[in-house]
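Dropping protein.pdb in here (PDB, C-alpha atoms, pLDDT in the B column):
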MODEL        1
ATOM      1  CA  MET W1228    -129.972 -70.208-103.562  1.00 54.00           C
ATOM      2  CA  LYS W1229    -127.056 -69.238-101.599  1.00 60.00           C
ATOM      3  CA  ILE W1230    -127.464 -67.718 -98.217  1.00 61.00           C
ATOM      4  CA  PHE W1231    -124.705 -65.474 -97.325  1.00 58.00           C
ATOM      5  CA  PHE W1232    -124.056 -64.936 -93.701  1.00 56.00           C
ATOM      6  CA  LYS W1233    -122.449 -61.756 -92.808  1.00 58.00           C
ATOM      7  CA  LYS W1234    -119.636 -62.143 -90.394  1.00 57.00           C
ATOM      8  CA  SER W1235    -120.783 -60.519 -87.217  1.00 57.00           C
ATOM      9  CA  ASP W1236    -118.534 -58.599 -84.987  1.00 57.00           C
ATOM     10  CA  ASP W1237    -118.388 -59.883 -81.452  1.00 61.00           C
ATOM     11  CA  ASN W1238    -119.458 -56.467 -80.168  1.00 65.00           C
ATOM     12  CA  ARG W1239    -123.216 -57.070 -80.120  1.00 68.00           C
ATOM     13  CA  GLY W1240    -123.514 -57.681 -76.319  1.00 72.00           C
ATOM     14  CA  VAL W1241    -120.872 -55.221 -75.171  1.00 79.00           C
ATOM     15  CA  ALA W1242    -123.262 -52.276 -74.834  1.00 80.00           C
ATOM     16  CA  LEU W1243    -125.712 -54.335 -72.787  1.00 84.00           C
ATOM     17  CA  LEU W1244    -122.907 -55.619 -70.576  1.00 86.00           C
ATOM     18  CA  ALA W1245    -121.584 -52.081 -70.055  1.00 87.00           C
ATOM     19  CA  VAL W1246    -125.055 -50.838 -69.068  1.00 90.00           C
ATOM     20  CA  PHE W1247    -125.467 -53.689 -66.573  1.00 93.00           C
ATOM     21  CA  LEU W1248    -122.012 -53.061 -65.119  1.00 93.00           C
ATOM     22  CA  VAL W1249    -122.673 -49.321 -64.674  1.00 95.00           C
ATOM     23  CA  MET W1250    -126.087 -50.107 -63.171  1.00 96.00           C
ATOM     24  CA  ILE W1251    -124.605 -52.565 -60.661  1.00 97.00           C
ATOM     25  CA  ILE W1252    -121.910 -50.089 -59.632  1.00 97.00           C
ATOM     26  CA  GLY W1253    -124.555 -47.359 -59.245  1.00 96.00           C
ATOM     27  CA  LEU W1254    -126.741 -49.630 -57.107  1.00 97.00           C
ATOM     28  CA  ILE W1255    -123.780 -50.532 -54.880  1.00 97.00           C
ATOM     29  CA  ILE W1256    -122.927 -46.842 -54.387  1.00 97.00           C
ATOM     30  CA  ALA W1257    -126.576 -45.994 -53.658  1.00 96.00           C
ATOM     31  CA  ALA W1258    -126.858 -48.867 -51.137  1.00 96.00           C
ATOM     32  CA  LEU W1259    -123.627 -47.762 -49.453  1.00 96.00           C
ATOM     33  CA  CYS W1260    -124.874 -44.166 -49.202  1.00 96.00           C
ATOM     34  CA  PHE W1261    -128.192 -45.353 -47.746  1.00 96.00           C
ATOM     35  CA  TYR W1262    -126.360 -47.519 -45.193  1.00 96.00           C
ATOM     36  CA  LEU W1263    -124.028 -44.701 -44.129  1.00 96.00           C
ATOM     37  CA  ILE W1264    -126.888 -42.196 -43.786  1.00 96.00           C
ATOM     38  CA  ASN W1265    -128.889 -44.692 -41.733  1.00 95.00           C
ATOM     39  CA  ARG W1266    -125.921 -45.402 -39.416  1.00 95.00           C
ATOM     40  CA  GLY W1267    -125.329 -41.673 -39.010  1.00 94.00           C
ATOM     41  CA  ASN W1268    -128.948 -41.154 -37.948  1.00 93.00           C
ATOM     42  CA  GLN W1269    -128.721 -44.044 -35.474  1.00 92.00           C
ATOM     43  CA  THR W1270    -125.507 -42.656 -33.986  1.00 92.00           C
ATOM     44  CA  TYR W1271    -127.048 -39.193 -33.703  1.00 94.00           C
ATOM     45  CA  SER W1272    -130.133 -40.507 -31.884  1.00 92.00           C
ATOM     46  CA  ILE W1273    -128.004 -42.594 -29.504  1.00 91.00           C
ATOM     47  CA  MET W1274    -125.833 -39.571 -28.691  1.00 93.00           C
ATOM     48  CA  LYS W1275    -128.924 -37.385 -28.215  1.00 94.00           C
ATOM     49  CA  ASN W1276    -130.487 -39.925 -25.825  1.00 93.00           C
ATOM     50  CA  TYR W1277    -127.200 -40.253 -23.912  1.00 94.00           C
ATOM     51  CA  ALA W1278    -126.990 -36.463 -23.526  1.00 93.00           C
ATOM     52  CA  LYS W1279    -130.546 -36.471 -22.148  1.00 94.00           C
ATOM     53  CA  ALA W1280    -129.632 -39.283 -19.732  1.00 94.00           C
ATOM     54  CA  ILE W1281    -126.558 -37.344 -18.533  1.00 93.00           C
ATOM     55  CA  ASN W1282    -128.712 -34.271 -17.862  1.00 93.00           C
ATOM     56  CA  ILE W1283    -131.264 -36.324 -15.930  1.00 93.00           C
ATOM     57  CA  ALA W1284    -128.510 -38.019 -13.896  1.00 92.00           C
ATOM     58  CA  GLN W1285    -127.017 -34.602 -13.098  1.00 92.00           C
ATOM     59  CA  GLY W1286    -130.434 -33.609 -11.774  1.00 91.00           C
ATOM     60  CA  GLY W1287    -130.335 -36.659  -9.499  1.00 91.00           C
ATOM     61  CA  VAL W1288    -126.910 -35.654  -8.162  1.00 92.00           C
ATOM     62  CA  ALA W1289    -128.109 -32.106  -7.551  1.00 92.00           C
ATOM     63  CA  GLU W1290    -131.155 -33.359  -5.651  1.00 91.00           C
ATOM     64  CA  ALA W1291    -128.993 -35.679  -3.536  1.00 91.00           C
ATOM     65  CA  ILE W1292    -126.676 -32.770  -2.670  1.00 91.00           C
ATOM     66  CA  VAL W1293    -129.653 -30.632  -1.680  1.00 91.00           C
ATOM     67  CA  PHE W1294    -130.887 -33.509   0.490  1.00 90.00           C
ATOM     68  CA  ILE W1295    -127.502 -33.810   2.213  1.00 90.00           C
ATOM     69  CA  ASP W1296    -127.198 -30.065   2.759  1.00 87.00           C
ATOM     70  CA  ASN W1297    -130.713 -29.636   4.141  1.00 89.00           C
ATOM     71  CA  ASN W1298    -130.806 -32.581   6.530  1.00 85.00           C
ATOM     72  CA  SER W1299    -129.111 -33.538   9.750  1.00 83.00           C
ATOM     73  CA  TYR W1300    -126.610 -36.325  10.142  1.00 81.00           C
ATOM     74  CA  ASP W1301    -129.220 -38.670  11.623  1.00 81.00           C
ATOM     75  CA  SER W1302    -131.719 -38.023   8.799  1.00 83.00           C
ATOM     76  CA  ILE W1303    -129.037 -38.783   6.229  1.00 85.00           C
ATOM     77  CA  GLU W1304    -128.019 -41.981   8.057  1.00 83.00           C
ATOM     78  CA  VAL W1305    -131.554 -43.339   7.653  1.00 82.00           C
ATOM     79  CA  LYS W1306    -131.424 -42.907   3.851  1.00 82.00           C
ATOM     80  CA  LEU W1307    -127.904 -44.300   3.269  1.00 85.00           C
ATOM     81  CA  GLY W1308    -127.787 -47.016   0.624  1.00 82.00           C
ATOM     82  CA  SER W1309    -131.492 -46.820  -0.194  1.00 86.00           C
ATOM     83  CA  GLU W1310    -132.488 -46.005  -3.741  1.00 85.00           C
ATOM     84  CA  GLU W1311    -134.371 -42.742  -4.136  1.00 86.00           C
ATOM     85  CA  THR W1312    -135.997 -41.350  -7.264  1.00 87.00           C
ATOM     86  CA  ALA W1313    -135.340 -37.703  -8.029  1.00 84.00           C
ATOM     87  CA  ALA W1314    -137.886 -35.328  -9.529  1.00 83.00           C
ATOM     88  CA  SER W1315    -135.843 -35.464 -12.746  1.00 82.00           C
ATOM     89  CA  GLY W1316    -136.480 -39.207 -12.996  1.00 86.00           C
ATOM     90  CA  ALA W1317    -132.981 -40.287 -12.034  1.00 90.00           C
ATOM     91  CA  LYS W1318    -132.376 -42.899  -9.365  1.00 92.00           C
ATOM     92  CA  TYR W1319    -129.726 -42.083  -6.809  1.00 91.00           C
ATOM     93  CA  ARG W1320    -128.055 -43.636  -3.775  1.00 91.00           C
ATOM     94  CA  ILE W1321    -125.896 -42.064  -1.102  1.00 90.00           C
ATOM     95  CA  TRP W1322    -123.094 -43.850   0.772  1.00 88.00           C
ATOM     96  CA  ARG W1323    -120.970 -42.544   3.610  1.00 87.00           C
ATOM     97  CA  VAL W1324    -117.340 -43.190   2.676  1.00 85.00           C
ATOM     98  CA  PHE W1325    -115.114 -41.761   5.451  1.00 79.00           C
ATOM     99  CA  TRP W1326    -114.572 -39.034   8.034  1.00 77.00           C
ATOM    100  CA  ASN W1327    -111.779 -36.495   8.108  1.00 73.00           C
ATOM    101  CA  ASN W1328    -110.891 -33.240   9.835  1.00 69.00           C
ATOM    102  CA  LEU W1329    -111.827 -30.180   7.840  1.00 63.00           C
ATOM    103  CA  SER W1330    -109.328 -27.910   9.556  1.00 59.00           C
ATOM    104  CA  GLY W1331    -106.457 -28.919   7.303  1.00 53.00           C
ATOM    105  CA  PHE W1332    -104.894 -31.697   5.325  1.00 51.00           C
ATOM    106  CA  GLY W1333    -103.441 -33.505   8.320  1.00 53.00           C
ATOM    107  CA  GLY W1334    -104.798 -36.602   9.964  1.00 56.00           C
ATOM    108  CA  ALA W1335    -105.988 -39.845   8.504  1.00 56.00           C
ATOM    109  CA  PRO W1336    -109.534 -40.539   7.372  1.00 57.00           C
ATOM    110  CA  VAL W1337    -111.532 -42.966   9.492  1.00 54.00           C
ATOM    111  CA  PHE W1338    -112.381 -46.201   7.625  1.00 54.00           C
ATOM    112  CA  PRO W1339    -115.041 -47.504   7.788  1.00 50.00           C
ATOM    113  CA  PRO W1340    -117.104 -44.641   9.088  1.00 52.00           C
ATOM    114  CA  THR W1341    -119.272 -45.813  11.936  1.00 49.00           C
ATOM    115  CA  SER W1342    -122.027 -43.917  13.634  1.00 48.00           C
ATOM    116  CA  GLY W1343    -119.954 -43.970  16.853  1.00 47.00           C
ATOM    117  CA  ALA W1344    -117.161 -42.061  15.098  1.00 48.00           C
ATOM    118  CA  TYR W1345    -119.352 -38.973  14.928  1.00 51.00           C
ATOM    119  CA  SER W1346    -119.475 -37.260  18.272  1.00 49.00           C
ATOM    120  CA  GLY W1347    -120.579 -33.780  17.287  1.00 53.00           C
ATOM    121  CA  ILE W1348    -116.995 -32.485  17.171  1.00 53.00           C
ATOM    122  CA  ALA W1349    -116.719 -29.308  15.114  1.00 58.00           C
ATOM    123  CA  ASN W1350    -114.685 -29.330  11.894  1.00 68.00           C
ATOM    124  CA  ILE W1351    -115.412 -32.961  11.051  1.00 75.00           C
ATOM    125  CA  GLY W1352    -116.189 -33.649   7.416  1.00 81.00           C
ATOM    126  CA  VAL W1353    -118.233 -36.614   6.315  1.00 84.00           C
ATOM    127  CA  TYR W1354    -117.493 -37.686   2.754  1.00 87.00           C
ATOM    128  CA  TYR W1355    -120.480 -39.057   0.866  1.00 91.00           C
ATOM    129  CA  LEU W1356    -120.438 -40.922  -2.420  1.00 92.00           C
ATOM    130  CA  ILE W1357    -123.463 -40.156  -4.592  1.00 93.00           C
ATOM    131  CA  HIS W1358    -124.366 -42.485  -7.449  1.00 94.00           C
ATOM    132  CA  SER W1359    -127.014 -41.231  -9.861  1.00 94.00           C
ATOM    133  CA  GLN W1360    -128.331 -43.298 -12.751  1.00 94.00           C
ATOM    134  CA  ALA W1361    -130.685 -42.435 -15.606  1.00 93.00           C
ATOM    135  CA  THR W1362    -131.805 -44.313 -18.711  1.00 91.00           C
ATOM    136  CA  VAL W1363    -133.336 -42.770 -21.832  1.00 92.00           C
ATOM    137  CA  LYS W1364    -134.387 -45.131 -24.646  1.00 91.00           C
ATOM    138  CA  GLY W1365    -131.599 -47.623 -23.985  1.00 87.00           C
ATOM    139  CA  SER W1366    -128.863 -45.048 -23.313  1.00 90.00           C
ATOM    140  CA  GLN W1367    -127.749 -45.238 -19.689  1.00 91.00           C
ATOM    141  CA  ALA W1368    -125.724 -42.651 -17.795  1.00 92.00           C
ATOM    142  CA  ASP W1369    -124.088 -43.308 -14.416  1.00 93.00           C
ATOM    143  CA  LEU W1370    -122.571 -40.447 -12.441  1.00 93.00           C
ATOM    144  CA  TYR W1371    -120.498 -40.812  -9.281  1.00 94.00           C
ATOM    145  CA  VAL W1372    -119.787 -37.729  -7.195  1.00 92.00           C
ATOM    146  CA  MET W1373    -117.862 -37.407  -3.931  1.00 90.00           C
ATOM    147  CA  TYR W1374    -119.395 -34.752  -1.691  1.00 90.00           C
ATOM    148  CA  VAL W1375    -118.258 -33.565   1.732  1.00 86.00           C
ATOM    149  CA  LYS W1376    -120.467 -32.054   4.401  1.00 86.00           C
ATOM    150  CA  GLY W1377    -118.963 -30.403   7.415  1.00 80.00           C
ATOM    151  CA  TYR W1378    -120.518 -30.850  10.844  1.00 75.00           C
TER     152      TYR W1378
ENDMDL
END

Rewritten as structure tokens:
Amino acid sequence: MKIFFKKSDDNRGVALLAVFLVMIIGLIIAALCFYLINRGNQTYSIMKNYAKAINIAQGGVAEAIVFIDNNSYDSIEVKLGSEETAASGAKYRIWRVFWNNLSGFGGAPVFPPTSGAYSGIANIGVYYLIHSQATVKGSQADLYVMYVKGY
């Protein structure tokens, strides 16, 4: 008895290989889409938290300005450099930077400002540096504002 073997074409595994190749490419594209969507969500939440931190820090600056406007020179001197917490949750500090005449642009500022430099002379401006800091879920905002108060 003779057994005849039919010559097989070498195409038997091509369909399976093509399916695997298409499946691998599809999985790579799906994984890439998942990764990009996840990174986009992370970036959005970081930006949202940073915007909240900026708003809170702005509240700290506003409260520091109200404090400076509503208090006398001596009351402000007591609080210089100490960290205060605003109602918004921000932490702020106030520093006195220099003195200058408010009557015009002439004259040189007095560095460093000392308490003896203030003598109650009208038209003297004291320049304060306000630093306000807020953190929301790992996003930190720092604001620095120069503010002048005339005495």

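With distances restricted to all atoms listed in the file, W:Gly1287 is the closest residue to Ala1368 of chain W from W:Gly1352, W:Gly1308, W:Gly1287, W:Gly1253.
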
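Counting only C-alpha atoms and comparing W:Lys1376, W:Lys1275, W:Lys1364, W:His1358, the residue that lies closest to Ala1313 of chain W is W:His1358.
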
Quiz item: Residues at most 12 Å from Met1274 of chain W, counting only C-alpha atoms, excluding those fewer than 3 positions away in the same chain, as a list of chain:residue names?
Solution: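 So the residues in contact are W:Gly1267, W:Asn1268, W:Gln1269, W:Thr1270, W:Tyr1271, W:Tyr1277, W:Ala1278, W:Lys1279, W:Ala1280, W:Ile1281, W:Val1363, W:Lys1364, W:Gly1365, W:Ser1366, W:Gln1367, W:Ala1368.
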
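In this model, the gap between atom CA of Asp1369 of chain W and atom CA of Val1305 of chain W comes to 23.3 Å.
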
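Atom CA of Val1375 of chain W is found 24.1 Å from atom CA of Gly1316 of chain W.
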
Self-check item: Ground truth for the PyMOL selection byres ((chain W and resi 1310) around 6), written as number ranges by chain
Solution: W: 1309, 1311, 1319-1320

Practice problem: Could you tell me which residues the PyMOL selection byres ((chain W and resi 1288) around 10) grabs in this file, written as a list in words? | Solution: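 With the shown file as input, the PyMOL selection byres ((chain W and resi 1288) around 10) matches Asn1282, Ile1283, Ala1284, Gln1285, Gly1286, Gly1287, Ala1289, Glu1290, Ala1291, Ile1292, Val1293, Phe1294, Ala1313, Ala1317, Lys1318, Tyr1319, Arg1320, Ile1321, Ile1357, His1358, Ser1359, Gln1360, Leu1370, Tyr1371, Val1372 and Tyr1374 of chain W.
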
Self-check item: Within 7 Å of Arg1323 of chain W using all atoms listed in the file, minus same-chain residues under 2 positions, as a list in words
Solution: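 Contacts, with the query itself left out: Ile1321, Phe1325, Tyr1354, Tyr1355 and Leu1356 of chain W.
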
Quiz item: Interatomic distance between atom CA of Val1246 of chain W and atom CA of Phe1261 of chain W?
Solution: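 Calculated distance between atom CA of Val1246 of chain W and atom CA of Phe1261 of chain W is 22.2 Å.
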
Give, as lines of an AutoDock Vina configuration file, the centre coordinates and the x, y and z edge lengths in Å to one decimal for an axis-aligned box around all listed atoms of segment 1301-1319 of chain W, padded by 4 Å on each side.
center_x = -132.8
center_y = -41.2
center_z = -0.7
size_x = 18.1
size_y = 19.7
size_z = 32.6

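Among the candidate residues W:Leu1248, W:Ala1361, W:Val1353, W:Ile1255, the one lying nearest to Ile1295 of chain W is W:Val1353, with distances computed using all atoms listed in the file.
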
Quiz item: Restricting the calculation to only C-alpha atoms, which member of W:Val1241, W:Thr1362, W:Asp1301, W:Ser1315 is positioned closest to Tyr1378 of chain W?
Solution: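 Among the listed residues, W:Asp1301 lies closest to Tyr1378 of chain W.
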
Serialized segment 1261-1297 of chain W w/ N, CA and C atoms as a PDB file, in the first residue's frame:
ATOM      1  N   PHE W1261      -4.469  54.173  26.517  1.00  0.00           N
ATOM      2  CA  PHE W1261      -4.712  54.156  27.951  1.00  0.00           C
ATOM      3  C   PHE W1261      -3.676  55.002  28.679  1.00  0.00           C
ATOM      4  N   TYR W1262      -2.412  54.872  28.297  1.00  0.00           N
ATOM      5  CA  TYR W1262      -1.335  55.645  28.923  1.00  0.00           C
ATOM      6  C   TYR W1262      -1.536  57.146  28.699  1.00  0.00           C
ATOM      7  N   LEU W1263      -1.848  57.534  27.478  1.00  0.00           N
ATOM      8  CA  LEU W1263      -2.029  58.955  27.171  1.00  0.00           C
ATOM      9  C   LEU W1263      -3.249  59.538  27.891  1.00  0.00           C
ATOM     10  N   ILE W1264      -4.325  58.794  27.987  1.00  0.00           N
ATOM     11  CA  ILE W1264      -5.509  59.269  28.709  1.00  0.00           C
ATOM     12  C   ILE W1264      -5.193  59.420  30.191  1.00  0.00           C
ATOM     13  N   ASN W1265      -4.475  58.459  30.743  1.00  0.00           N
ATOM     14  CA  ASN W1265      -4.103  58.515  32.158  1.00  0.00           C
ATOM     15  C   ASN W1265      -3.202  59.720  32.438  1.00  0.00           C
ATOM     16  N   ARG W1266      -2.212  59.960  31.588  1.00  0.00           N
ATOM     17  CA  ARG W1266      -1.321  61.120  31.765  1.00  0.00           C
ATOM     18  C   ARG W1266      -2.092  62.431  31.623  1.00  0.00           C
ATOM     19  N   GLY W1267      -3.043  62.477  30.717  1.00  0.00           N
ATOM     20  CA  GLY W1267      -3.862  63.672  30.559  1.00  0.00           C
ATOM     21  C   GLY W1267      -4.678  63.961  31.809  1.00  0.00           C
ATOM     22  N   ASN W1268      -5.241  62.917  32.418  1.00  0.00           N
ATOM     23  CA  ASN W1268      -5.996  63.099  33.659  1.00  0.00           C
ATOM     24  C   ASN W1268      -5.095  63.559  34.797  1.00  0.00           C
ATOM     25  N   GLN W1269      -3.891  63.006  34.881  1.00  0.00           N
ATOM     26  CA  GLN W1269      -2.944  63.429  35.919  1.00  0.00           C
ATOM     27  C   GLN W1269      -2.565  64.891  35.729  1.00  0.00           C
ATOM     28  N   THR W1270      -2.276  65.284  34.503  1.00  0.00           N
ATOM     29  CA  THR W1270      -1.908  66.672  34.221  1.00  0.00           C
ATOM     30  C   THR W1270      -3.053  67.610  34.559  1.00  0.00           C
ATOM     31  N   TYR W1271      -4.274  67.214  34.217  1.00  0.00           N
ATOM     32  CA  TYR W1271      -5.441  68.042  34.518  1.00  0.00           C
ATOM     33  C   TYR W1271      -5.599  68.226  36.019  1.00  0.00           C
ATOM     34  N   SER W1272      -5.454  67.147  36.796  1.00  0.00           N
ATOM     35  CA  SER W1272      -5.631  67.270  38.249  1.00  0.00           C
ATOM     36  C   SER W1272      -4.518  68.093  38.869  1.00  0.00           C
ATOM     37  N   ILE W1273      -3.301  67.984  38.361  1.00  0.00           N
ATOM     38  CA  ILE W1273      -2.197  68.809  38.877  1.00  0.00           C
ATOM     39  C   ILE W1273      -2.467  70.273  38.578  1.00  0.00           C
ATOM     40  N   MET W1274      -2.913  70.585  37.377  1.00  0.00           N
ATOM     41  CA  MET W1274      -3.206  71.978  37.018  1.00  0.00           C
ATOM     42  C   MET W1274      -4.371  72.521  37.844  1.00  0.00           C
ATOM     43  N   LYS W1275      -5.376  71.693  38.092  1.00  0.00           N
ATOM     44  CA  LYS W1275      -6.525  72.113  38.895  1.00  0.00           C
ATOM     45  C   LYS W1275      -6.092  72.406  40.329  1.00  0.00           C
ATOM     46  N   ASN W1276      -5.249  71.548  40.903  1.00  0.00           N
ATOM     47  CA  ASN W1276      -4.758  71.772  42.266  1.00  0.00           C
ATOM     48  C   ASN W1276      -3.865  73.009  42.337  1.00  0.00           C
ATOM     49  N   TYR W1277      -3.063  73.246  41.292  1.00  0.00           N
ATOM     50  CA  TYR W1277      -2.206  74.434  41.278  1.00  0.00           C
ATOM     51  C   TYR W1277      -3.054  75.704  41.189  1.00  0.00           C
ATOM     52  N   ALA W1278      -4.122  75.664  40.402  1.00  0.00           N
ATOM     53  CA  ALA W1278      -5.012  76.833  40.311  1.00  0.00           C
ATOM     54  C   ALA W1278      -5.668  77.115  41.664  1.00  0.00           C
ATOM     55  N   LYS W1279      -6.054  76.053  42.383  1.00  0.00           N
ATOM     56  CA  LYS W1279      -6.612  76.234  43.720  1.00  0.00           C
ATOM     57  C   LYS W1279      -5.565  76.833  44.660  1.00  0.00           C
ATOM     58  N   ALA W1280      -4.327  76.355  44.573  1.00  0.00           N
ATOM     59  CA  ALA W1280      -3.260  76.870  45.434  1.00  0.00           C
ATOM     60  C   ALA W1280      -2.984  78.342  45.134  1.00  0.00           C
ATOM     61  N   ILE W1281      -3.007  78.724  43.867  1.00  0.00           N
ATOM     62  CA  ILE W1281      -2.811  80.138  43.494  1.00  0.00           C
ATOM     63  C   ILE W1281      -3.916  80.994  44.109  1.00  0.00           C
ATOM     64  N   ASN W1282      -5.151  80.540  44.024  1.00  0.00           N
ATOM     65  CA  ASN W1282      -6.273  81.304  44.584  1.00  0.00           C
ATOM     66  C   ASN W1282      -6.140  81.446  46.101  1.00  0.00           C
ATOM     67  N   ILE W1283      -5.729  80.391  46.775  1.00  0.00           N
ATOM     68  CA  ILE W1283      -5.553  80.455  48.221  1.00  0.00           C
ATOM     69  C   ILE W1283      -4.416  81.403  48.578  1.00  0.00           C
ATOM     70  N   ALA W1284      -3.304  81.337  47.820  1.00  0.00           N
ATOM     71  CA  ALA W1284      -2.175  82.234  48.072  1.00  0.00           C
ATOM     72  C   ALA W1284      -2.564  83.693  47.817  1.00  0.00           C
ATOM     73  N   GLN W1285      -3.392  83.941  46.812  1.00  0.00           N
ATOM     74  CA  GLN W1285      -3.874  85.302  46.571  1.00  0.00           C
ATOM     75  C   GLN W1285      -4.710  85.799  47.742  1.00  0.00           C
ATOM     76  N   GLY W1286      -5.464  84.899  48.368  1.00  0.00           N
ATOM     77  CA  GLY W1286      -6.208  85.261  49.565  1.00  0.00           C
ATOM     78  C   GLY W1286      -5.276  85.643  50.704  1.00  0.00           C
ATOM     79  N   GLY W1287      -4.144  84.955  50.818  1.00  0.00           N
ATOM     80  CA  GLY W1287      -3.151  85.305  51.832  1.00  0.00           C
ATOM     81  C   GLY W1287      -2.549  86.677  51.589  1.00  0.00           C
ATOM     82  N   VAL W1288      -2.264  87.004  50.328  1.00  0.00           N
ATOM     83  CA  VAL W1288      -1.730  88.329  49.995  1.00  0.00           C
ATOM     84  C   VAL W1288      -2.760  89.403  50.323  1.00  0.00           C
ATOM     85  N   ALA W1289      -4.003  89.153  49.961  1.00  0.00           N
ATOM     86  CA  ALA W1289      -5.060  90.132  50.239  1.00  0.00           C
ATOM     87  C   ALA W1289      -5.214  90.369  51.741  1.00  0.00           C
ATOM     88  N   GLU W1290      -5.141  89.300  52.526  1.00  0.00           N
ATOM     89  CA  GLU W1290      -5.257  89.468  53.977  1.00  0.00           C
ATOM     90  C   GLU W1290      -4.064  90.218  54.549  1.00  0.00           C
ATOM     91  N   ALA W1291      -2.871  89.981  54.012  1.00  0.00           N
ATOM     92  CA  ALA W1291      -1.686  90.708  54.476  1.00  0.00           C
ATOM     93  C   ALA W1291      -1.807  92.198  54.139  1.00  0.00           C
ATOM     94  N   ILE W1292      -2.330  92.515  52.966  1.00  0.00           N
ATOM     95  CA  ILE W1292      -2.511  93.919  52.580  1.00  0.00           C
ATOM     96  C   ILE W1292      -3.529  94.594  53.490  1.00  0.00           C
ATOM     97  N   VAL W1293      -4.600  93.894  53.801  1.00  0.00           N
ATOM     98  CA  VAL W1293      -5.600  94.448  54.724  1.00  0.00           C
ATOM     99  C   VAL W1293      -4.963  94.684  56.095  1.00  0.00           C
ATOM    100  N   PHE W1294      -4.128  93.749  56.533  1.00  0.00           N
ATOM    101  CA  PHE W1294      -3.439  93.916  57.815  1.00  0.00           C
ATOM    102  C   PHE W1294      -2.550  95.155  57.800  1.00  0.00           C
ATOM    103  N   ILE W1295      -1.794  95.330  56.720  1.00  0.00           N
ATOM    104  CA  ILE W1295      -0.903  96.498  56.626  1.00  0.00           C
ATOM    105  C   ILE W1295      -1.716  97.784  56.600  1.00  0.00           C
ATOM    106  N   ASP W1296      -2.775  97.807  55.822  1.00  0.00           N
ATOM    107  CA  ASP W1296      -3.580  99.030  55.709  1.00  0.00           C
ATOM    108  C   ASP W1296      -4.284  99.405  57.011  1.00  0.00           C
ATOM    109  N   ASN W1297      -4.695  98.417  57.786  1.00  0.00           N
ATOM    110  CA  ASN W1297      -5.504  98.686  58.970  1.00  0.00           C
ATOM    111  C   ASN W1297      -4.708  98.831  60.260  1.00  0.00           C
TER     112      ASN W1297
END
